[in-house]
Each structure stands twice: as structure tokens, then as C-alpha cells.
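Novice: File final32.csv follows (CSV, C-alpha atoms and all ligand atoms):
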chain,number,residue,atom,x,y,z
A,1,MET,CA,-51.1,-3.5,-177.6
A,2,SER,CA,-47.5,-3.9,-176.8
A,3,ALA,CA,-47.2,-7.5,-178.0
A,4,ALA,CA,-48.4,-6.5,-181.4
A,5,GLY,CA,-46.0,-3.6,-181.3
A,6,LYS,CA,-43.1,-6.0,-180.6
A,7,GLY,CA,-44.2,-8.0,-183.6
A,8,ASP,CA,-42.7,-5.2,-185.7
A,9,LEU,CA,-39.3,-6.3,-184.5
A,10,THR,CA,-39.6,-9.6,-186.3
A,11,ASP,CA,-37.9,-10.1,-189.5
A,12,ALA,CA,-41.2,-9.5,-191.3
A,13,LYS,CA,-40.5,-5.9,-192.1
A,14,LYS,CA,-37.0,-6.6,-193.3
A,15,SER,CA,-38.3,-8.6,-196.2
A,16,LYS,CA,-39.0,-5.6,-198.4
A,17,GLY,CA,-37.1,-6.0,-201.6
A,18,ASN,CA,-36.9,-9.7,-201.3
A,19,LYS,CA,-38.9,-12.0,-203.6
A,20,LEU,CA,-42.1,-12.3,-201.6
A,21,THR,CA,-43.7,-9.9,-199.1
A,22,GLU,CA,-45.5,-11.4,-196.1
A,23,THR,CA,-48.9,-10.5,-197.5
A,24,GLU,CA,-48.1,-12.2,-200.8
A,25,ALA,CA,-46.7,-15.2,-199.0
A,26,ILE,CA,-49.9,-15.6,-197.0
A,27,GLU,CA,-52.1,-15.5,-200.0
A,28,ARG,CA,-49.9,-18.0,-201.9
A,29,ALA,CA,-49.5,-20.3,-198.9
A,30,LYS,CA,-53.3,-20.5,-199.0
A,31,GLN,CA,-53.0,-21.9,-202.5
A,32,GLY,CA,-50.5,-24.5,-201.3
A,33,ASP,CA,-47.3,-22.9,-202.5
A,34,ALA,CA,-44.2,-24.5,-200.9
A,35,GLU,CA,-42.0,-21.4,-201.3
A,36,ALA,CA,-44.6,-19.2,-199.6
A,37,PHE,CA,-44.7,-21.5,-196.6
A,38,GLU,CA,-41.0,-21.4,-196.4
A,39,THR,CA,-40.9,-17.6,-196.7
A,40,LEU,CA,-43.4,-17.3,-193.8
A,41,TYR,CA,-41.3,-19.7,-191.8
A,42,THR,CA,-38.1,-17.8,-192.5
A,43,LEU,CA,-39.6,-14.5,-191.5
A,44,HIS,CA,-40.8,-15.7,-188.1
A,45,LYS,CA,-38.7,-18.7,-187.1
A,46,ARG,CA,-36.3,-16.7,-184.9
A,47,ARG,CA,-38.9,-15.0,-182.8
A,48,VAL,CA,-40.9,-18.2,-182.3
A,49,TYR,CA,-37.9,-20.3,-181.6
A,50,SER,CA,-36.5,-17.8,-179.1
A,51,LEU,CA,-39.8,-17.8,-177.2
A,52,CYS,CA,-39.8,-21.6,-177.1
A,53,LEU,CA,-36.2,-21.7,-176.1
A,54,ARG,CA,-36.7,-19.2,-173.3
A,55,MET,CA,-39.7,-21.0,-171.9
A,56,THR,CA,-38.1,-24.5,-172.0
A,57,ALA,CA,-34.4,-23.8,-171.7
A,58,ASN,CA,-33.9,-26.9,-173.9
A,59,THR,CA,-33.0,-26.7,-177.6
A,60,ALA,CA,-34.5,-30.1,-178.6
A,61,ALA,CA,-37.8,-29.3,-176.9
A,62,ALA,CA,-37.8,-25.7,-178.3
A,63,GLU,CA,-37.4,-27.1,-181.8
A,64,ASP,CA,-40.2,-29.5,-181.4
A,65,LEU,CA,-42.4,-26.7,-180.1
A,66,THR,CA,-41.4,-24.4,-183.0
A,67,GLN,CA,-42.4,-27.1,-185.4
A,68,GLU,CA,-45.7,-27.7,-183.8
A,69,ALA,CA,-46.5,-24.0,-183.6
A,70,PHE,CA,-45.8,-23.5,-187.3
A,71,LEU,CA,-47.7,-26.6,-188.3
A,72,GLN,CA,-50.8,-25.5,-186.3
A,73,LEU,CA,-50.5,-22.1,-187.9
A,74,PHE,CA,-50.2,-23.4,-191.5
A,75,ARG,CA,-53.1,-25.8,-191.0
A,76,LYS,CA,-55.3,-22.8,-190.2
A,77,ILE,CA,-53.8,-20.3,-192.7
A,78,GLY,CA,-56.8,-20.6,-194.9
A,79,THR,CA,-58.9,-19.0,-192.2
A,80,PHE,CA,-56.5,-16.0,-191.7
A,81,ARG,CA,-57.9,-12.6,-192.7
A,82,GLY,CA,-56.0,-9.4,-192.7
A,83,GLU,CA,-52.3,-8.8,-192.7
A,84,SER,CA,-51.5,-6.6,-189.8
A,85,ALA,CA,-52.2,-9.1,-187.1
A,86,PHE,CA,-50.3,-12.0,-188.7
A,87,SER,CA,-47.3,-11.9,-186.4
A,88,THR,CA,-49.6,-11.5,-183.4
A,89,TRP,CA,-51.7,-14.4,-184.5
A,90,LEU,CA,-48.6,-16.6,-185.0
A,91,HIS,CA,-47.0,-15.6,-181.8
A,92,ARG,CA,-50.2,-16.2,-179.8
A,93,MET,CA,-50.3,-19.6,-181.3
A,94,ALA,CA,-46.7,-20.3,-180.4
A,95,VAL,CA,-47.4,-19.2,-176.8
A,96,ASN,CA,-50.4,-21.5,-176.6
A,97,VAL,CA,-48.5,-24.5,-178.0
A,98,VAL,CA,-45.7,-23.9,-175.4
A,99,LEU,CA,-48.1,-23.5,-172.5
A,100,MET,CA,-50.0,-26.6,-173.6
A,101,GLN,CA,-46.8,-28.7,-173.7
A,102,LEU,CA,-45.7,-27.4,-170.3
A,103,ARG,CA,-49.1,-28.4,-168.9
A,104,LYS,CA,-48.8,-31.8,-170.5
A,105,LYS,CA,-45.5,-32.3,-168.9
A,106,GLY,CA,-47.1,-31.5,-165.5
A,107,LEU,CA,-45.2,-28.3,-165.2
A,108,SER,CA,-47.3,-25.5,-163.7
A,109,VAL,CA,-47.7,-22.5,-166.0
A,110,VAL,CA,-49.8,-20.7,-163.5
A,111,PRO,CA,-47.9,-19.7,-160.4
A,112,LEU,CA,-49.6,-20.6,-157.2
A,113,GLU,CA,-52.1,-18.0,-155.9
A,114,GLU,CA,-50.8,-15.9,-153.1
A,115,THR,CA,-49.5,-18.2,-150.4
A,116,ILE,CA,-49.2,-17.2,-146.8
A,117,GLU,CA,-46.6,-14.5,-146.4
A,118,THR,CA,-43.7,-16.6,-145.4
A,119,GLU,CA,-41.3,-15.8,-148.2
A,120,GLU,CA,-42.0,-12.1,-148.0
A,121,GLU,CA,-39.2,-11.5,-145.6
A,122,THR,CA,-36.6,-13.5,-147.5
A,123,PRO,CA,-35.5,-10.8,-150.1
A,124,ARG,CA,-34.1,-8.9,-147.1
A,125,LYS,CA,-31.1,-11.1,-146.9
A,126,GLU,CA,-28.2,-8.8,-147.8
A,127,LEU,CA,-25.1,-10.3,-149.4
A,128,GLY,CA,-22.8,-7.6,-148.3
A,129,ALA,CA,-22.4,-4.0,-149.2
A,130,ALA,CA,-20.3,-4.6,-152.3
A,131,ASP,CA,-23.0,-6.8,-153.9
A,132,ALA,CA,-26.0,-4.8,-152.8
A,133,LYS,CA,-26.4,-2.9,-156.0
A,134,LEU,CA,-27.4,-4.5,-159.3
A,135,ALA,CA,-28.8,-1.5,-161.1
A,136,GLY,CA,-27.0,-0.7,-164.3
A,137,SER,CA,-24.9,-3.8,-164.0
A,138,VAL,CA,-27.4,-6.6,-165.0
A,139,ASP,CA,-25.6,-8.2,-167.9
A,140,ARG,CA,-27.6,-10.1,-170.4
A,141,LEU,CA,-25.9,-13.4,-170.0
A,142,GLN,CA,-26.4,-13.4,-166.3
A,143,LEU,CA,-30.1,-12.4,-166.8
A,144,GLN,CA,-30.6,-15.2,-169.3
A,145,ARG,CA,-29.1,-17.8,-166.9
A,146,ALA,CA,-31.2,-16.6,-164.1
A,147,ILE,CA,-34.4,-16.8,-166.3
A,148,ASP,CA,-33.4,-20.4,-167.2
A,149,ALA,CA,-33.2,-21.1,-163.5
A,150,LEU,CA,-36.7,-19.7,-162.6
A,151,PRO,CA,-39.4,-22.2,-161.7
A,152,PRO,CA,-41.8,-22.7,-164.7
A,153,GLY,CA,-44.7,-20.7,-163.3
A,154,TYR,CA,-42.6,-17.6,-162.7
A,155,LYS,CA,-40.7,-18.1,-165.9
A,156,SER,CA,-43.7,-18.1,-168.2
A,157,ILE,CA,-45.2,-14.9,-166.7
A,158,PHE,CA,-41.8,-13.1,-166.7
A,159,VAL,CA,-41.0,-14.1,-170.3
A,160,LEU,CA,-44.5,-13.2,-171.5
A,161,HIS,CA,-44.5,-9.8,-169.8
A,162,ASP,CA,-41.0,-8.5,-169.6
A,163,VAL,CA,-39.4,-10.3,-172.7
A,164,GLU,CA,-42.3,-10.7,-175.0
A,165,GLY,CA,-44.2,-7.5,-174.0
A,166,TYR,CA,-47.6,-8.9,-173.3
A,167,GLU,CA,-49.9,-7.0,-171.0
A,168,HIS,CA,-51.2,-8.5,-167.8
A,169,ASN,CA,-54.8,-8.9,-169.2
A,170,GLU,CA,-53.4,-10.8,-172.1
A,171,ILE,CA,-51.3,-13.0,-169.9
A,172,ALA,CA,-54.2,-13.7,-167.6
A,173,GLU,CA,-56.2,-14.9,-170.5
A,174,MET,CA,-53.5,-17.0,-172.0
A,175,VAL,CA,-52.2,-18.6,-168.8
A,176,GLY,CA,-55.6,-18.8,-167.2
A,177,CYS,CA,-55.1,-16.7,-164.0
A,178,SER,CA,-56.4,-13.4,-162.6
A,179,ILE,CA,-54.8,-10.1,-163.6
A,180,GLY,CA,-53.8,-9.5,-160.0
A,181,ASN,CA,-52.1,-12.9,-159.8
A,182,SER,CA,-50.2,-12.2,-163.0
A,183,LYS,CA,-49.0,-8.9,-161.5
A,184,SER,CA,-48.0,-10.3,-158.2
A,185,GLN,CA,-46.3,-13.3,-159.7
A,186,LEU,CA,-44.4,-11.1,-162.1
A,187,HIS,CA,-43.1,-9.1,-159.2
A,188,LYS,CA,-42.1,-12.3,-157.4
A,189,ALA,CA,-40.3,-13.5,-160.5
A,190,ARG,CA,-38.3,-10.3,-160.7
A,191,LEU,CA,-37.4,-10.6,-157.0
A,192,LYS,CA,-36.3,-14.2,-157.6
A,193,LEU,CA,-34.2,-13.1,-160.6
A,194,ARG,CA,-32.6,-10.4,-158.5
A,195,GLU,CA,-31.7,-12.9,-155.9
A,196,LEU,CA,-30.3,-15.4,-158.5
A,197,ILE,CA,-28.2,-12.7,-160.1
A,198,LYS,CA,-26.9,-11.4,-156.8
A,199,THR,CA,-25.9,-15.0,-155.8
A,200,ALA,CA,-24.2,-15.5,-159.1
A,201,LYS,CA,-22.3,-12.3,-158.8
A,202,ALA,CA,-21.3,-13.1,-155.2
A,203,GLN,CA,-20.1,-16.5,-156.3
A,204,LYS,CA,-18.1,-15.0,-159.2
A,205,ALA,CA,-16.6,-12.5,-156.8
A,206,SER,CA,-15.6,-15.1,-154.3
A,207,ASN,CA,-14.0,-17.3,-157.0
A,208,ARG,CA,-11.6,-14.6,-157.9
B,1,MET,CA,-44.1,4.0,-144.0
B,2,THR,CA,-42.0,1.0,-143.1
B,3,CYS,CA,-40.0,-1.1,-145.5
B,4,THR,CA,-42.4,-4.0,-145.2
B,5,GLU,CA,-45.3,-1.8,-146.1
B,6,PHE,CA,-43.4,-0.4,-149.1
B,7,GLU,CA,-42.5,-3.8,-150.3
B,8,ARG,CA,-46.0,-5.0,-150.0
B,9,ALA,CA,-47.2,-2.2,-152.3
B,10,LEU,CA,-44.3,-2.6,-154.7
B,11,ALA,CA,-46.0,-5.1,-157.0
B,12,ASP,CA,-48.6,-2.5,-157.9
B,13,ILE,CA,-46.4,0.6,-158.1
B,14,ILE,CA,-43.2,-0.7,-159.6
B,15,ASP,CA,-44.4,-0.5,-163.3
B,16,ASP,CA,-46.8,2.4,-162.8
B,17,GLU,CA,-45.3,5.5,-161.3
B,18,SER,CA,-48.6,7.3,-161.4
B,19,CYS,CA,-49.8,4.9,-158.7
B,20,ARG,CA,-47.1,6.0,-156.3
B,21,THR,CA,-48.2,8.2,-153.4
B,22,VAL,CA,-46.2,10.9,-151.7
B,23,GLU,CA,-45.4,8.4,-149.0
B,24,HIS,CA,-44.0,6.0,-151.5
B,25,HIS,CA,-41.8,8.7,-153.0
B,26,GLN,CA,-40.6,9.8,-149.6
B,27,HIS,CA,-39.7,6.3,-148.6
B,28,ILE,CA,-37.6,5.7,-151.7
B,29,GLU,CA,-35.8,9.0,-151.1
B,30,THR,CA,-35.0,8.2,-147.5
B,31,CYS,CA,-34.4,4.4,-147.6
B,32,SER,CA,-31.4,3.4,-149.6
B,33,SER,CA,-32.3,-0.3,-149.3
B,34,CYS,CA,-35.7,0.1,-150.9
B,35,GLU,CA,-34.3,2.5,-153.4
B,36,SER,CA,-31.8,0.0,-154.7
B,37,LEU,CA,-34.5,-2.7,-154.7
B,38,VAL,CA,-36.6,-0.5,-157.0
B,39,ASN,CA,-33.6,0.2,-159.2
B,40,ASP,CA,-32.6,-3.4,-159.5
B,41,LEU,CA,-36.1,-4.6,-160.4
B,42,ASN,CA,-36.3,-1.8,-163.0
B,43,ALA,CA,-32.9,-2.8,-164.4
B,44,ILE,CA,-34.0,-6.4,-164.7
B,45,SER,CA,-37.2,-5.5,-166.5
B,46,GLU,CA,-35.4,-3.1,-168.8
B,47,GLU,CA,-32.7,-5.6,-169.7
B,48,ALA,CA,-35.2,-8.3,-170.4
B,49,ARG,CA,-36.6,-6.2,-173.3
B,50,PHE,CA,-33.3,-6.4,-175.1
B,51,LEU,CA,-32.6,-10.1,-174.8
B,52,GLU,CA,-31.6,-11.5,-178.1
B,53,ARG,CA,-34.2,-12.9,-180.4
B,54,GLU,CA,-31.7,-14.2,-182.8
B,55,ALA,CA,-31.5,-17.9,-181.8
B,56,GLU,CA,-32.0,-20.0,-184.9
B,57,PRO,CA,-33.6,-23.4,-185.1
B,58,SER,CA,-31.8,-26.1,-187.0
B,59,ALA,CA,-32.6,-27.0,-190.5
B,60,ARG,CA,-34.3,-30.2,-189.2
B,61,VAL,CA,-37.3,-28.1,-188.1
B,62,TRP,CA,-38.2,-26.7,-191.5
B,63,ASN,CA,-37.6,-30.1,-193.1
B,64,SER,CA,-40.0,-31.8,-190.8
B,65,ILE,CA,-42.6,-29.0,-191.3
B,66,GLU,CA,-42.3,-29.3,-195.1
B,67,MET,CA,-42.6,-33.0,-195.0
B,68,ALA,CA,-45.7,-32.8,-192.8
B,69,LEU,CA,-47.2,-30.2,-195.0
B,70,ARG,CA,-46.7,-32.3,-198.1
B,71,GLN,CA,-48.0,-35.4,-196.4
B,72,GLU,CA,-51.1,-33.5,-195.3
B,73,GLY,CA,-51.6,-32.1,-198.8
B,74,LEU,CA,-51.2,-28.5,-197.6
B,75,ILE,CA,-48.4,-28.0,-200.1
B,76,ARG,CA,-49.8,-28.7,-203.5
B,77,GLY,CA,-48.7,-28.6,-207.0
B,78,ARG,CA,-45.5,-29.6,-208.7
B,79,ARG,CA,-42.5,-30.7,-206.7
B,80,ARG,CA,-39.2,-29.1,-207.1
B,81,VAL,CA,-37.9,-32.3,-208.5
B,82,PHE,CA,-34.7,-31.1,-209.9
B,83,THR,CA,-33.6,-28.6,-207.3
B,84,ILE,CA,-30.9,-31.0,-206.4
B,85,PHE,CA,-29.0,-30.2,-209.5
B,86,GLU,CA,-28.8,-26.5,-208.4
B,87,GLN,CA,-26.5,-27.5,-205.6
B,88,LYS,CA,-23.3,-27.3,-207.4
B,89,ARG,CA,-21.1,-28.6,-204.7
B,90,HIS,CA,-22.9,-31.9,-204.4
B,91,TRP,CA,-24.2,-32.4,-207.9
B,92,TRP,CA,-22.2,-35.6,-208.3
B,93,ARG,CA,-24.1,-37.3,-205.5
B,94,ALA,CA,-27.2,-37.0,-207.6
B,95,ALA,CA,-25.6,-38.0,-210.9
B,96,TRP,CA,-27.3,-41.3,-211.0
B,97,LEU,CA,-30.6,-39.5,-211.0
B,98,VAL,CA,-30.1,-38.2,-214.5
B,99,PRO,CA,-30.7,-41.6,-216.2
B,100,VAL,CA,-33.3,-42.5,-213.7
B,101,ALA,CA,-35.3,-39.3,-214.2
B,102,ALA,CA,-34.8,-39.5,-218.0
B,103,THR,CA,-36.2,-43.1,-218.0
B,104,LEU,CA,-39.1,-42.1,-215.8
B,105,LEU,CA,-39.9,-39.2,-218.1
B,106,VAL,CA,-39.8,-41.3,-221.2
B,107,ILE,CA,-41.8,-44.2,-219.7
B,108,PHE,CA,-44.5,-42.3,-218.0
B,109,GLY,CA,-44.6,-39.0,-219.7
B,110,VAL,CA,-44.7,-37.5,-216.3
B,111,ARG,CA,-47.6,-35.2,-215.8
B,112,TYR,CA,-45.9,-32.6,-213.6
B,113,GLU,CA,-48.9,-30.3,-213.4
B,114,LEU,CA,-51.1,-33.0,-212.0
B,115,THR,CA,-51.4,-33.4,-208.3
B,116,ALA,CA,-51.9,-36.8,-206.8
B,117,PRO,CA,-55.4,-37.0,-205.5
B,118,LYS,CA,-55.7,-36.3,-201.7
B,119,GLU,CA,-56.8,-39.7,-200.9
B,120,ALA,CA,-53.8,-41.3,-202.6
B,121,SER,CA,-51.3,-38.9,-201.2
B,122,LYS,CA,-52.4,-39.7,-197.7
B,123,ASN,CA,-51.1,-43.2,-198.2
B,124,ILE,CA,-47.8,-42.1,-199.4
B,125,SER,CA,-45.2,-42.7,-196.7
B,126,LEU,CA,-41.6,-41.7,-197.0
B,127,ALA,CA,-40.0,-44.9,-195.9
B,128,ALA,CA,-36.4,-44.0,-195.6
B,129,ASN,CA,-34.6,-46.8,-193.8
B,130,ASP,CA,-35.6,-50.0,-195.4
B,131,VAL,CA,-34.4,-51.1,-198.7
B,132,THR,CA,-37.9,-52.4,-199.4
B,133,SER,CA,-40.3,-51.3,-196.6
B,134,ASP,CA,-43.9,-52.5,-196.3
B,135,ASP,CA,-44.9,-49.3,-198.1
B,136,ASP,CA,-42.5,-50.1,-201.0
B,137,GLN,CA,-43.9,-53.7,-201.2
B,138,GLN,CA,-47.4,-52.4,-201.3
B,139,LEU,CA,-46.5,-49.9,-204.0
B,140,LEU,CA,-44.8,-52.7,-206.0
B,141,GLN,CA,-47.9,-54.9,-205.6
B,142,THR,CA,-50.1,-52.1,-206.9
B,143,VAL,CA,-47.8,-51.6,-209.9
B,144,GLN,CA,-47.8,-55.3,-210.6
B,145,ARG,CA,-51.5,-55.4,-210.5
B,146,ARG,CA,-52.2,-52.4,-212.7
B,147,SER,CA,-49.2,-52.3,-215.0
B,148,PRO,CA,-47.1,-55.4,-214.7
B,149,ALA,CA,-44.7,-54.4,-217.4
B,150,MET,CA,-43.4,-51.5,-215.2
B,151,LEU,CA,-42.6,-53.6,-212.2
B,152,ALA,CA,-38.9,-54.1,-212.9
B,153,SER,CA,-38.4,-50.5,-213.6
B,154,TYR,CA,-40.1,-49.5,-210.4
B,155,GLU,CA,-38.0,-52.0,-208.4
B,156,ASP,CA,-34.9,-50.4,-209.8
B,157,ASN,CA,-36.1,-46.9,-209.1
B,158,LEU,CA,-37.0,-47.7,-205.5
B,159,ARG,CA,-33.7,-49.5,-204.9
B,160,ASN,CA,-31.8,-46.5,-206.2
B,161,VAL,CA,-33.8,-43.9,-204.4
B,162,ASN,CA,-33.5,-45.9,-201.1
B,163,SER,CA,-29.8,-46.1,-201.4
B,164,TYR,CA,-29.6,-42.4,-202.2
B,165,ILE,CA,-31.7,-41.7,-199.1
B,166,ARG,CA,-29.4,-43.9,-196.9
B,167,ASP,CA,-26.3,-42.0,-198.2
B,168,ALA,CA,-28.0,-38.7,-197.6
B,169,GLU,CA,-29.1,-39.7,-194.1
B,170,GLU,CA,-25.6,-40.8,-193.2
B,171,SER,CA,-24.2,-37.6,-194.5
B,172,ALA,CA,-26.8,-35.6,-192.6
B,173,LYS,CA,-26.2,-37.5,-189.4
B,174,SER,CA,-22.4,-37.0,-189.5
B,175,ASN,CA,-22.8,-33.3,-190.3
B,176,PRO,CA,-25.9,-32.4,-188.2
B,177,ASN,CA,-25.2,-28.7,-188.6
B,178,ASP,CA,-24.6,-28.7,-192.3
B,179,GLU,CA,-27.7,-27.2,-193.9
B,180,GLU,CA,-26.5,-28.4,-197.3
B,181,ALA,CA,-26.6,-32.0,-196.0
B,182,GLN,CA,-30.1,-31.5,-194.7
B,183,ARG,CA,-31.3,-30.1,-198.0
B,184,ILE,CA,-29.8,-33.1,-199.8
B,185,LEU,CA,-31.6,-35.4,-197.5
B,186,MET,CA,-34.8,-33.4,-198.0
B,187,ASN,CA,-34.3,-33.7,-201.8
B,188,ALA,CA,-33.7,-37.4,-201.4
B,189,TYR,CA,-37.1,-37.8,-199.7
B,190,GLU,CA,-38.7,-35.7,-202.4
B,191,GLN,CA,-37.3,-38.0,-205.1
B,192,LYS,CA,-38.8,-40.9,-203.4
B,193,ALA,CA,-42.1,-39.1,-203.0
B,194,MET,CA,-42.0,-38.4,-206.7
B,195,VAL,CA,-41.6,-42.1,-207.5
B,196,TYR,CA,-44.6,-42.8,-205.3
B,197,GLU,CA,-46.6,-40.0,-206.8
B,198,MET,CA,-46.0,-41.2,-210.3
B,199,ALA,CA,-46.9,-44.7,-209.4
B,200,VAL,CA,-50.2,-43.5,-207.9
B,201,ASP,CA,-50.9,-41.3,-211.0
B,202,ARG,CA,-50.1,-44.2,-213.2
B,203,SER,CA,-52.2,-46.7,-211.3
B,204,LEU,CA,-55.4,-44.7,-211.4
B,205,PRO,CA,-58.0,-46.6,-213.3
C,1,ZN,ZN,-37.3,0.7,-147.1
Let me see whether you can do it: turn the structure in this file into C-alpha cells.
Ligand SMILES: [Zn+2]

Specialist:
Amino acid sequence: MSAAGKGDLTDAKKSKGNKLTETEAIERAKQGDAEAFETLYTLHKRRVYSLCLRMTANTAAAEDLTQEAFLQLFRKIGTFRGESAFSTWLHRMAVNVVLMQLRKKGLSVVPLEETIETEEETPRKELGAADAKLAGSVDRLQLQRAIDALPPGYKSIFVLHDVEGYEHNEIAEMVGCSIGNSKSQLHKARLKLRELIKTAKAQKASNR
Amino acid sequence: MTCTEFERALADIIDDESCRTVEHHQHIETCSSCESLVNDLNAISEEARFLEREAEPSARVWNSIEMALRQEGLIRGRRRVFTIFEQKRHWWRAAWLVPVAATLLVIFGVRYELTAPKEASKNISLAANDVTSDDDQQLLQTVQRRSPAMLASYEDNLRNVNSYIRDAEESAKSNPNDEEAQRILMNAYEQKAMVYEMAVDRSLP
């Protein structure tokens, strides 16, 4: 499972040698130890916050969501068994909190099912030979800006798959759509990103 | 195979090369437009994997979480009452706490190891803004009823801790990115919670 694999990239593994390991912290948090809660928070805050920030593109909203995700997790920590899946468990919870909030705000988290093929022809618009190629020159800042500009439905699926590393079957379950829909909307999200980055590049070039 | 046919199949074959047929491969090799489309989409997907995960939430987030955990009784046991004195740079701000804490210790023989009962701690509210909020009044009434001799001392303590909280809030507001200021504020809240906790302990029949 790739999402669990990505969990290894959190700060959890870096904690060795520090005062509390994650496993110890989980056990002590169950006993109500303040330091243990803080340790767990410190280990995972960046990854959870980054996810929330990417999904909302708004720091205040992202902080509220981060707070809510950790609170939900800590309230249920007594029911947590087994250490290996902790970051997966936490991250899933964060995703659910974010999706729930987006739904509450009336933002669609599920992209519309295949519409009539009107937009299929649009990616063909060429912006001139000089800008035709992106490959190898997608810089991170441009990509981040383009992701921020994606409509919410596309954004959630792109972030979950390409940034967070979830598989289509996991996304389908979390977001509540079919696997096929997840696949096709991911593709559309990438096409949209390509278009956004190309436009940004063309604008930058014409401003020179 | 036309470009339209190729593009229509792309959603299924872009991430899974094993699904590509000979025709797909041939089209990519002969059509530079579709070739660059595939390369671009791959580049976007690749780059997304390396987006920074290092954004850091402000100290406000943990402070709010900790406060909620305490109020809900998920954090149990003794408070870190004197952590404020570990902060060397700002020790003077808390200097008034020394006599206050000493007085409290003498008067009540504080039972640090005891936790306030859940039912009682639910009612504890960290009223920060008012000199004497409704909660403070309620607390003072309880003290008056159960141990009237302590009333003056509690009034003093609440006044002091409330003014301390006001100072800390101002400092935190004017330095929103200063973690130190946030911690001071958190400590100020803790001090007040301690006063409440002791009153509750004290007031138990
Ligand atoms: Zn073609």
C-alpha cells in the first residue's frame, strides 16, 4: 500500500534517540500523559498540516483542520492497537476531516461523473512551439500554484493520488466515487494542471 | 490510431505501461504532440511526489489541542505548574507567581498527585478576558459557601492570574509568530486552571 509506504517519510522515524519513541508515546498518551500527546503531535504535524494546506490553499483553514484531525485522533487513541499503522491511521483521519469540511462548505470533493465529451478537444490548443514542451521543466513552485488553482473536486483526487500516494481503490472509498471515476478525474486534473502551468509559463515569457 | 483515440485511452494507460498496446507505442513514436503530452503528464505526476511536506502549523494549533485535551480530561495527572520558570528569558514576567504559589502551597497543602474529578473538571472554563467572568464569580461563590475564610485569598489569586493572562495575551497578539509568547500564554492559562483545580479539590465535601 503506497500510502502506508509514504508514511515512512514522516518525522516518526527520525525520533530515534529522542526521549520518546512513537510506540512509547502512544502507550503513554493512552494513560493521559501530556508530553506523550505533544510528542505524537510533533512527529506528525507537518505531514497532516501539509495535506490540509494543499487541500484548502488557506493557512487558517488548514490549521483548524489540523487541530480537528489531531483531536479526533487523540479522542480515539485508547482504541488504537498496533504500531505500524499509526501514521496511516492518523493520515486517513486527517483526510476524512478535510473531506468532511469541504463537503460542509458545499465544495464538491467528488468530481462530476463523465460529462458529455465537450472538453475533450480543448487540451489541443497549442500555445506556440516554444511553450509546447513542459517535460523536465515543471518547477515545484509553478506546480504548487497550479494545484492551488484546481477546482476542489480535481484537487482532492490529484493531491490524494499524486502527492499523498493513495491508490485509486483507497481514494474511491474515501471520496465516495467509483475507481474508474477516480482514474479518469485524476487524468483530467493532470491535463488541467498542464494547461495551467503552460499558461503561467506563456505569461511569464510574454512579460519579459 | 488517431490522436483522439490515443487521448481517450490515455487515462488508463498513462500510469500503467503494461496496458499499452503496440498501437499505443507506435502512436507515441510517430506523433510528437502526443509524445509531449505523455511526457508532460508524467513530469507533473513525478514532480508532485516531491512537493515539500515541511509546512509547519503555528503554535496556536498545539495550544488549542492541549487546552481541549485538558478540558476533556484526556490529559490527566499533574500539571506542569512551574514550567514557566524554566523559560529564562521571561522569568521576570512570572515573578509575582512566586509569592502566590507559595501562599497557595501553604494554605492548601496542594495535592499535586490528585486529579480533579472528571465531573468537576468539565465545569472548569478558562475565562481569559474578563477580570471576573461568570465562571470566576461562580467559583468565588462556591469558595464562599464551602470555606469562607479563603475567599479573599482566592479573589487575589484570580485577579493576579487574570492580569497575567491579559499581559500574556497582549504579548502573544503583538508577536503572533513568537512561540515563546504562545507558551507564556499557555502557561498563564495553566496557572488559572490550577487555581480552579485547587478550588474544586478544596471544595469537595
Ligand atoms: Zn497523437

Novice: Would you work out the distance separating CA of Glu38 (chain A) from CA of Ile26 (chain A), expressed in Å to one decimal?

Specialist: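 About the pair CA of Glu38 (chain A) and CA of Ile26 (chain A): they are 10.6 Å apart.
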
Novice: What residues in chain A lie within 6 Å of chain B, counting only C-alpha atoms, written as a list of chain:residue names?

Specialist: A:Gly32, A:Asp33, A:Ala34, A:Arg46, A:Arg47, A:Ser50, A:Gln67, A:Leu134, A:Ala135, A:Asp162, A:Val163, A:Ser184, A:His187

Novice: Just to confirm, what's the straight-line distance from CA of Asn162 (chain B) to CA of Lys192 (chain B) in Å (one decimal)?

Specialist: 7.6 Å

Novice: Using CA of Met67 (chain B) and CA of Met55 (chain A) as the two end points, give the distance in Å to one decimal.

Specialist: 26.2 Å

Novice: Using all atoms listed in the file, which residues sit within 6 Å of region 181-190 of chain B once same-chain residues fewer than 6 positions away are excluded, as a VMD selection string?

Specialist: chain B and resid 165 168 172

Novice: Any chance you could export the current selection's C-alpha atoms as an mmCIF file, keeping the file's coordinate frame?

Specialist:
data_model
loop_
_atom_site.group_PDB
_atom_site.id
_atom_site.type_symbol
_atom_site.label_atom_id
_atom_site.label_comp_id
_atom_site.auth_asym_id
_atom_site.auth_seq_id
_atom_site.Cartn_x
_atom_site.Cartn_y
_atom_site.Cartn_z
ATOM 1 C CA ILE B 165 -31.700 -41.700 -199.100
ATOM 2 C CA ALA B 168 -28.000 -38.700 -197.600
ATOM 3 C CA ALA B 172 -26.800 -35.600 -192.600
#

Novice: Using all atoms listed in the file, determine which residues lie at most 8 Å from Val97 (chain A), disregarding the query and same-chain residues fewer than 4 positions distant; provide the list as a list in words.

Specialist: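 My list of contacting residues is Leu65, Glu68, Ala69, Met93 and Gln101 of chain A.
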
Novice: Env of Asn96 (chain A): 10 Å cut, atoms = all atoms listed in the file, seq-sep filter 6 positions within chain, self excluded. Answer as a ChimeraX atom specification.

Specialist: /A:69,90,102,174-175

Novice: Using only C-alpha atoms and all ligand atoms, find the one residue out of B:Ala9, B:Ile28, B:Cys19, B:Met150 that sits nearest to ligand ZN 1 (chain C).

Specialist: B:Ile28

Novice: When distances are computed from only C-alpha atoms, which of A:Thr21, A:Ser182, A:Thr59, A:Thr79 shows the smallest separation from Glu167 (chain A)?

Specialist: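 Closest to Glu167 (chain A) of all the choices is A:Ser182.
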
Novice: Looking at B:Ser18, B:Ser32, B:Asn160, B:Gln26, which one is nearest to ligand ZN 1 (chain C), with distances taken over all atoms listed in the file?

Specialist: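 Using all atoms listed in the file, the shortest distance to ligand ZN 1 (chain C) belongs to B:Ser32.
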